[in-house]
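Remarks on the structure that follows.
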Number of protein chains: 2
Amino acid sequence: MLINLLTLNLVSAIVCMAAFSFSAKAQQKKKQPNFIIIFADDLGYGDLSCYGHPTIKTPNLDKMTAEGMKFTQFYVAANVCTPSRAALLTGRLPVRNGMTGGSTVLFPNSAGGLPSSEVTIAEVLKEKGYQTAIIGKWHLGHLPQFLPAKQGFDYYFGIPYSNDMNGGKYPPLPLIKNEKTIEENPDQTTLTKRYTDEVINFIKNNRDKPFFLYYPNNFPHVPLFASKGFKGKSKRGLYGDVVEELDWSVGQILKTLKDLKIDNNTLVIFTSDNGPWLTQKEQGGSAGLLFEGKGSSWEGGTRVPMIARWSGVIKPNQTTAALATTMDLLPTIVKFSGAKLPSQELDGQDISAILKGEKENVRELVYYYSGTHLYAIRKGLWKAHFTTKSLYSKEPAAPHNPPLLFNLENDPSEKYDVSKKHPEMVEEMKKEFDRHTANMKVGPSNMEEKIK
Amino acid sequence: MLINLLTLNLVSAIVCMAAFSFSAKAQQKKKQPNFIIIFADDLGYGDLSCYGHPTIKTPNLDKMTAEGMKFTQFYVAANVCTPSRAALLTGRLPVRNGMTGGSTVLFPNSAGGLPSSEVTIAEVLKEKGYQTAIIGKWHLGHLPQFLPAKQGFDYYFGIPYSNDMNGGKYPPLPLIKNEKTIEENPDQTTLTKRYTDEVINFIKNNRDKPFFLYYPNNFPHVPLFASKGFKGKSKRGLYGDVVEELDWSVGQILKTLKDLKIDNNTLVIFTSDNGPWLTQKEQGGSAGLLFEGKGSSWEGGTRVPMIARWSGVIKPNQTTAALATTMDLLPTIVKFSGAKLPSQELDGQDISAILKGEKENVRELVYYYSGTHLYAIRKGLWKAHFTTKSLYSKEPAAPHNPPLLFNLENDPSEKYDVSKKHPEMVEEMKKEFDRHTANMKVGPSNMEEKIK
């Protein structure tokens with residue numbers, strides 16, 4: 001009887017320990033959050049209903065805003081595609097990581113790509129046991145040695161560069177799965193649907209593991225394509241159709257997270273790689289009240305929509321004017337995941353305190369590069385333009401000495417140069433320019449070499 | 001015993017009938033909804049957070065949007081103050097009701113005002129036993145025979161014209177209560193607070209009666225003034241401070257309605273009298289992605305924010321691109337209140353079906369007048385400019401034949417003239433122009449005469 005009781009106690013103790021261990025494991029699992037970054041292509045600051053567009057319907061992104069946080073002063077690190085993507089994934093200014101110089105972006109005949117020495121969000125999270133995938137547009141090198149598999153991604157499905165980079169001297173547009181081309185010139189009207197299927201599958205397959213999903217959709221970059229269910233449906237024409245299908249895709253993702261009951265353990269970020277491609281006229285987007293678009297160092301070039309949602313961590317219905325950039329995502333994800341910061345010099349800053357509502361601001365400075373050249377600097381509410389030139393304008397680059405000075409919080413459309421009213425700020429901004437450029441180690445360009 | 005029983009039955013029958021009659025009365029009371037129209041002055045399409053402004057915080061209006069319906073293609077009938085207000089209150093184009101011609105708006109030395117033959121929303125509702133008040137800026141005649149009391153308002157408190165119309169040749173700015181000037185040059189920093197107090201008092205005093213409250217705040221018209229609690233608080237400078245105080249005022253109104261449990265019986269409309277006064281630079285607002293502002297027939301002149309809230313009738317979180325105008329408020333209010341339409345020729349159309357979510361659109365045409373001249377017409381998604389000239393530009397009026405043609409749903413910023421691509425629409429719009437102007441009975445101007 002005594003033995004029996006002891007045995008019973010022992011058994012119950014073991015059961016208890018097992019239960020504890022299981023629960024601790026579940027707890028730990030729960031503590032490793034998932035990360036999803038949805039990256040639109042050429043979507044402007046003014047192109048979503050929740051950012052004021054009158055005729056593009058984006059109910060899912062509007063709802064994401066209502067359930068999360070909308071950023072109104074969020075920037076990408078470059079006003080064109082390739083360097084902007086390099087910056088997002090590495091937390092570094094593109095001028096450091098070789099993704100500037102030589103050409104504005106990588107082309108199908110480019111031999112270069114993001115150097116393997118660069119550490120991406122995917123690599124950082126792999127160290128913590130994350131499953132990683134990219135579904136969509138890579139644009140950081142399409143030769144085998146530069147594909148996503150070489151930068152920490154377990155899985156890749158997508159077009160490796162822009163959806164207009166075919167025809168003429170270029171080969172057919174490849175659709176790549178992992179490291180192999182599985183189709184040429186895929187039907188782009190089905191692209192967002194196929195990407196969405198891939199995204200949903202990846203989430204479902206990894207519902208019990210921590211994952212990082214990077215979903216850079218090729219749209220609304222021209223040429224524009226929407227599927228049957230969306231084509232001709234938007235009041236905003238084909239551009240609107242495409243954005244509304246993208247909005248649908250976001251809705252599918254959020255629905256999947258909720259259905260799987262992992263939305264309270266998943267940070268979802270939605271943003272865009274640069275401003276609208278204005279020279280495409282009706283086929284291009286809108287920067288809303290901001291001046292200029294893609295290819296420009298005016299606000300329309302690099303200030304983009306950004307919505308963050310994480311049920312239980314980010315309070316619903318928040319709007320923040322905090323300064324933040326795509327480069328901040330790497331250190332923020334490192335913070336939330338408990339991963340280790342890479343040893344490379346970072347330009348990103350941890351914005352987890354902003355997301356959690358603990359701080360109003362963490363960042364003071366934003367740099368506006370065009371290629372390897374620093375064109376403008378934002379410091380707090382001030383922005384100084386040292387050079388202005390739009391990639392798509394025929395006007396030559398205009399240097400400004402003293403720089404043009406704008407109070408961006410008061411004058412977001414950059415209409416009223418106040419450099420004469422604030423000579424002290426002009427001096428301070430010049431010092432910032434000198435300080436930044438003197439300390440900058442420009443990485444050797446990996447964008448120049450062409451495939452022979 | 002029998003008698004007693006009968007008596008008891010009789011008593012209970014009487015009690016029962018009384019209860020029924022009381023309940024029926026309550027029911028009937030409940031069926032007469034209240035109407036509140038909040039009218040900002042010179043607030044632009046892009047000046048609220050929910051319409052995409054990056055640095056003006058408008059949490060109360062954002063919440064009103066989340067609880068109601070946001071209009072993205074809502075127009076006033078004139079691009080300046082006086083005729084816009086006349087149109088809102090009468091449901092008629094200002095060219096009919098004498099509030100055009102002679103001068104752009106009424107000035108302190110004007111002898112005219114809205115003719116007494118014109119029927120206002122207040123007069124229509126008085127017939128149904130409503131309590132009516134206007135708190136704020138009248139601007140439809142400040143001589144005794146033109147004051148609100150002569151147009152169906154039981155109560156008036158406010159400045160009878162624009163807040164900059166003093167100094168120089170003009171008398172001190174009057175603050176009027178009913179028909180008497182109670183102060184001269186009131187402290188404008190306390191104006192929104194005082195208006196709000198008046199508004200709240202009116203609502204509280206009439207909680208058990210059906211009421212119509214018209215609250216045309218004088219701001220953010222320049223000169224800008226904010227109270228201590230708001231001055232210096234906004235990132236957008238003084239203009240932002242003023243809009244944020246206006247947002248606060250709206251929040252107080254909505255809170256009062258909820259506290260009194262009459263928010264499910266009250267239609268609240270928030271809108272603005274015309275686009276932003278761009279020549280005031282940082283002191284003026286923003287039309288967002290729309291071109292131009294106050295005084296112009298480009299979209300920025302007359303397309304304004306509009307938010308409608310009515311708990312239980314308007315579904316939450318709706319965005320509509322329906323065409324609608326301030327002139328539609330009169331017939332819509334008539335519909336909801338069971339009042340009688342005035343016999344005067346109306347330009348407004350009942351939009352109750354849009355508010356209730358039963359129809360997507362009811363209006364097809366929008367007219368852009370500058371004074372007595374028809375400058376442009378919108379028909380569905382098309383807009384034709386027959387003349388372009390901004391009130392504040394030195395450029396002479398530019399007639400266009402053929403008219404400039406824009407697809408406003410596709411190109412809300414009016415960048416791409418498509419008149420050459422769509423000659424059939426150009427012809428149709430010319431016919432609309434002829435049809436409208438041929439049938440228009442221009443009312444004799446009541447804006448010309450000056451006080452001797």
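In the structure tokens, each chain is lettered A, B, ... as it comes, each chain's residues begin at 1, and ligands are numbered from 1 in order of appearance.
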
Item to check | Close residues, B:Ser103 itself excluded, 9 Å, only C-alpha atoms, min 2 positions apart in chain, as a PyMOL selection string | outcome: chain B and resi 100-101+105-107+371+447-448

Next on the checklist: Using DSSP secondary structure from the backbone, list all strand (DSSP E) positions within stretch 83-315 of chain B, as a count of residues only.
Outcome noted: 35

Next on the checklist: Please identify the helix (DSSP H, G or I) residues within stretch 273-427 of chain B (assignment by DSSP from backbone atoms) and present them as a ChimeraX atom specification.
Outcome noted: /B:278-283,299-302,326-337,352-355,423-427

Next on the checklist: Excluding stretch 351-361 of chain A and its own-chain neighbours fewer than 2 positions away, which residues fall within 10 Å of it when counting only C-alpha atoms? Please give them as a PyMOL selection string.
Outcome noted: chain A and resi 68-71+267+308-310+312-315+318+320-325+328-336+348-349+363-364+380

If we count only C-alpha atoms, which residues of chain A reach to within 8 Å of chain B? Please list them as a PDB file with C-alpha atoms, in the first residue's frame.
ATOM      1  CA  GLY A  46      -2.172  58.382 -51.360  1.00  0.00           C
ATOM      2  CA  CYS A  50      -7.301  54.746 -45.348  1.00  0.00           C
ATOM      3  CA  TYR A  51      -4.692  57.202 -46.691  1.00  0.00           C
ATOM      4  CA  GLY A  52      -7.348  59.298 -48.432  1.00  0.00           C
ATOM      5  CA  HIS A  53      -7.811  57.874 -51.920  1.00  0.00           C
ATOM      6  CA  PRO A  54     -11.351  58.692 -53.083  1.00  0.00           C
ATOM      7  CA  THR A  55     -12.036  55.837 -55.510  1.00  0.00           C
ATOM      8  CA  THR A  72       2.070  58.684 -41.549  1.00  0.00           C
ATOM      9  CA  GLN A  73       5.803  59.433 -41.677  1.00  0.00           C
ATOM     10  CA  LYS A 235     -13.667  53.035 -60.184  1.00  0.00           C
ATOM     11  CA  ARG A 236      -9.987  53.902 -60.448  1.00  0.00           C
ATOM     12  CA  GLY A 237      -9.438  51.913 -63.641  1.00  0.00           C
ATOM     13  CA  LYS A 281       0.139  58.725 -65.834  1.00  0.00           C
ATOM     14  CA  GLU A 282      -3.199  56.970 -65.158  1.00  0.00           C
ATOM     15  CA  SER A 286      -0.749  58.925 -56.347  1.00  0.00           C
ATOM     16  CA  ALA A 287       1.404  60.344 -53.571  1.00  0.00           C
ATOM     17  CA  GLY A 288      -1.659  62.109 -52.119  1.00  0.00           C
ATOM     18  CA  LEU A 289      -0.695  65.482 -50.707  1.00  0.00           C
ATOM     19  CA  ALA A 321       3.432  60.347 -36.932  1.00  0.00           C
ATOM     20  CA  GLU A 409       5.164  68.577 -40.207  1.00  0.00           C
ATOM     21  CA  ASN A 410       3.702  71.967 -41.012  1.00  0.00           C
ATOM     22  CA  ASP A 411       4.183  71.773 -44.753  1.00  0.00           C
ATOM     23  CA  PRO A 412       4.096  68.116 -45.832  1.00  0.00           C
ATOM     24  CA  TYR A 416       7.296  76.793 -48.620  1.00  0.00           C
TER      25      TYR A 416
END

Checklist entry - Quick one: residues within 7 Å of stretch 148-157 of chain B, only C-alpha atoms counted, chain neighbours fewer than 6 positions away excluded, as number ranges by chain? => result B: 116, 120, 122-123, 126, 131-136, 176-178

Item to check | Interatomic distance (Å, one decimal) between atom CA of A:Val80 and atom CA of A:Asn274 | outcome: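 Spanning atom CA of A:Val80 to atom CA of A:Asn274 is a straight-line distance of 5.9 Å.
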
Next on the checklist: Give me, as a ChimeraX atom specification, all polymer residues having an atom no more than 7 Å from stretch 194-200 of chain A, counting only C-alpha atoms and skipping those fewer than 2 positions away in the same chain.
Outcome noted: /A:135-136,190-192,202-204,249,253,256

Take the residues from that selection and write them out as a PDB file, in the first residue's frame, keeping all heavy atoms.
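Heads up, here's the output in selection-v4.pdb:
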ATOM      1  N   ILE A 135       7.748  35.127 -51.117  1.00  0.00           N
ATOM      2  CA  ILE A 135       6.819  34.891 -52.224  1.00  0.00           C
ATOM      3  C   ILE A 135       6.712  36.210 -52.961  1.00  0.00           C
ATOM      4  O   ILE A 135       6.170  37.177 -52.410  1.00  0.00           O
ATOM      5  CB  ILE A 135       5.405  34.494 -51.722  1.00  0.00           C
ATOM      6  CG1 ILE A 135       5.442  33.459 -50.607  1.00  0.00           C
ATOM      7  CG2 ILE A 135       4.495  34.082 -52.886  1.00  0.00           C
ATOM      8  CD1 ILE A 135       5.850  32.080 -51.004  1.00  0.00           C
ATOM      9  N   GLY A 136       7.252  36.264 -54.186  1.00  0.00           N
ATOM     10  CA  GLY A 136       7.099  37.491 -54.958  1.00  0.00           C
ATOM     11  C   GLY A 136       8.375  37.955 -55.623  1.00  0.00           C
ATOM     12  O   GLY A 136       9.176  37.159 -56.124  1.00  0.00           O
ATOM     13  N   THR A 190      -2.958  36.142 -63.252  1.00  0.00           N
ATOM     14  CA  THR A 190      -3.201  35.199 -62.148  1.00  0.00           C
ATOM     15  C   THR A 190      -2.130  35.316 -61.060  1.00  0.00           C
ATOM     16  O   THR A 190      -2.135  34.549 -60.092  1.00  0.00           O
ATOM     17  CB  THR A 190      -3.204  33.743 -62.659  1.00  0.00           C
ATOM     18  OG1 THR A 190      -1.897  33.431 -63.170  1.00  0.00           O
ATOM     19  CG2 THR A 190      -4.235  33.542 -63.760  1.00  0.00           C
ATOM     20  N   LEU A 191      -1.224  36.264 -61.238  1.00  0.00           N
ATOM     21  CA  LEU A 191      -0.056  36.317 -60.353  1.00  0.00           C
ATOM     22  C   LEU A 191      -0.419  36.559 -58.890  1.00  0.00           C
ATOM     23  O   LEU A 191       0.059  35.852 -57.989  1.00  0.00           O
ATOM     24  CB  LEU A 191       0.902  37.399 -60.861  1.00  0.00           C
ATOM     25  CG  LEU A 191       2.360  37.259 -60.429  1.00  0.00           C
ATOM     26  CD1 LEU A 191       2.944  35.913 -60.860  1.00  0.00           C
ATOM     27  CD2 LEU A 191       3.197  38.398 -61.002  1.00  0.00           C
ATOM     28  N   THR A 192      -1.264  37.546 -58.638  1.00  0.00           N
ATOM     29  CA  THR A 192      -1.599  37.840 -57.237  1.00  0.00           C
ATOM     30  C   THR A 192      -2.344  36.669 -56.604  1.00  0.00           C
ATOM     31  O   THR A 192      -2.113  36.325 -55.432  1.00  0.00           O
ATOM     32  CB  THR A 192      -2.406  39.154 -57.143  1.00  0.00           C
ATOM     33  OG1 THR A 192      -1.531  40.234 -57.485  1.00  0.00           O
ATOM     34  CG2 THR A 192      -2.942  39.393 -55.744  1.00  0.00           C
ATOM     35  N   PHE A 202       2.045  28.451 -47.158  1.00  0.00           N
ATOM     36  CA  PHE A 202       3.207  28.557 -46.279  1.00  0.00           C
ATOM     37  C   PHE A 202       2.774  28.798 -44.829  1.00  0.00           C
ATOM     38  O   PHE A 202       3.288  28.172 -43.899  1.00  0.00           O
ATOM     39  CB  PHE A 202       4.140  29.687 -46.745  1.00  0.00           C
ATOM     40  CG  PHE A 202       5.312  29.894 -45.828  1.00  0.00           C
ATOM     41  CD1 PHE A 202       6.437  29.070 -45.891  1.00  0.00           C
ATOM     42  CD2 PHE A 202       5.286  30.906 -44.861  1.00  0.00           C
ATOM     43  CE1 PHE A 202       7.516  29.245 -45.028  1.00  0.00           C
ATOM     44  CE2 PHE A 202       6.357  31.088 -43.991  1.00  0.00           C
ATOM     45  CZ  PHE A 202       7.470  30.254 -44.070  1.00  0.00           C
ATOM     46  N   ILE A 203       1.804  29.693 -44.653  1.00  0.00           N
ATOM     47  CA  ILE A 203       1.337  29.980 -43.283  1.00  0.00           C
ATOM     48  C   ILE A 203       0.721  28.724 -42.664  1.00  0.00           C
ATOM     49  O   ILE A 203       1.026  28.363 -41.521  1.00  0.00           O
ATOM     50  CB  ILE A 203       0.313  31.139 -43.288  1.00  0.00           C
ATOM     51  CG1 ILE A 203       0.984  32.440 -43.740  1.00  0.00           C
ATOM     52  CG2 ILE A 203      -0.305  31.320 -41.904  1.00  0.00           C
ATOM     53  CD1 ILE A 203       0.013  33.606 -43.950  1.00  0.00           C
ATOM     54  N   LYS A 204      -0.141  28.049 -43.429  1.00  0.00           N
ATOM     55  CA  LYS A 204      -0.798  26.848 -42.903  1.00  0.00           C
ATOM     56  C   LYS A 204       0.213  25.766 -42.559  1.00  0.00           C
ATOM     57  O   LYS A 204       0.121  25.115 -41.510  1.00  0.00           O
ATOM     58  CB  LYS A 204      -1.817  26.328 -43.917  1.00  0.00           C
ATOM     59  CG  LYS A 204      -3.090  27.166 -43.947  1.00  0.00           C
ATOM     60  CD  LYS A 204      -4.159  26.550 -44.836  1.00  0.00           C
ATOM     61  CE  LYS A 204      -5.440  27.380 -44.754  1.00  0.00           C
ATOM     62  NZ  LYS A 204      -6.383  27.032 -45.842  1.00  0.00           N
ATOM     63  N   SER A 249      -5.803  40.244 -51.294  1.00  0.00           N
ATOM     64  CA  SER A 249      -4.740  39.306 -50.894  1.00  0.00           C
ATOM     65  C   SER A 249      -4.380  39.498 -49.419  1.00  0.00           C
ATOM     66  O   SER A 249      -4.241  38.530 -48.664  1.00  0.00           O
ATOM     67  CB  SER A 249      -3.518  39.525 -51.794  1.00  0.00           C
ATOM     68  OG  SER A 249      -2.490  38.625 -51.484  1.00  0.00           O
ATOM     69  N   ILE A 253      -4.771  36.851 -46.112  1.00  0.00           N
ATOM     70  CA  ILE A 253      -3.707  36.559 -45.142  1.00  0.00           C
ATOM     71  C   ILE A 253      -4.206  36.770 -43.713  1.00  0.00           C
ATOM     72  O   ILE A 253      -4.041  35.910 -42.843  1.00  0.00           O
ATOM     73  CB  ILE A 253      -2.459  37.440 -45.422  1.00  0.00           C
ATOM     74  CG1 ILE A 253      -1.871  37.067 -46.783  1.00  0.00           C
ATOM     75  CG2 ILE A 253      -1.428  37.308 -44.309  1.00  0.00           C
ATOM     76  CD1 ILE A 253      -0.809  38.037 -47.289  1.00  0.00           C
ATOM     77  N   THR A 256      -6.614  34.102 -42.700  1.00  0.00           N
ATOM     78  CA  THR A 256      -5.932  32.842 -42.395  1.00  0.00           C
ATOM     79  C   THR A 256      -5.322  32.871 -40.994  1.00  0.00           C
ATOM     80  O   THR A 256      -5.453  31.912 -40.226  1.00  0.00           O
ATOM     81  CB  THR A 256      -4.825  32.581 -43.443  1.00  0.00           C
ATOM     82  OG1 THR A 256      -5.430  32.566 -44.734  1.00  0.00           O
ATOM     83  CG2 THR A 256      -4.116  31.255 -43.187  1.00  0.00           C
TER      84      THR A 256
END

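As for atom CA of A:Lys389 and atom CA of A:Asn79, they are spaced 11.8 Å apart.
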
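With atom CA of B:Phe386 on one side and atom CA of B:Asp347 on the other, the separation reads 20.7 Å.
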
Checklist entry - Hey, which of B:Ser419, B:Asn109, B:Gln145, B:Asn206 ends up closest to B:Met165? Count only C-alpha atoms. => result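 The closest residue to B:Met165 is B:Asn109.
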
Next on the checklist: Excluding stretch 403-406 of chain B and its own-chain neighbours fewer than 3 positions away, which residues fall within 6 Å of it when counting only C-alpha atoms? Please give them as a PyMOL selection string.
Outcome noted: chain B and resi 382-386+400+417-419
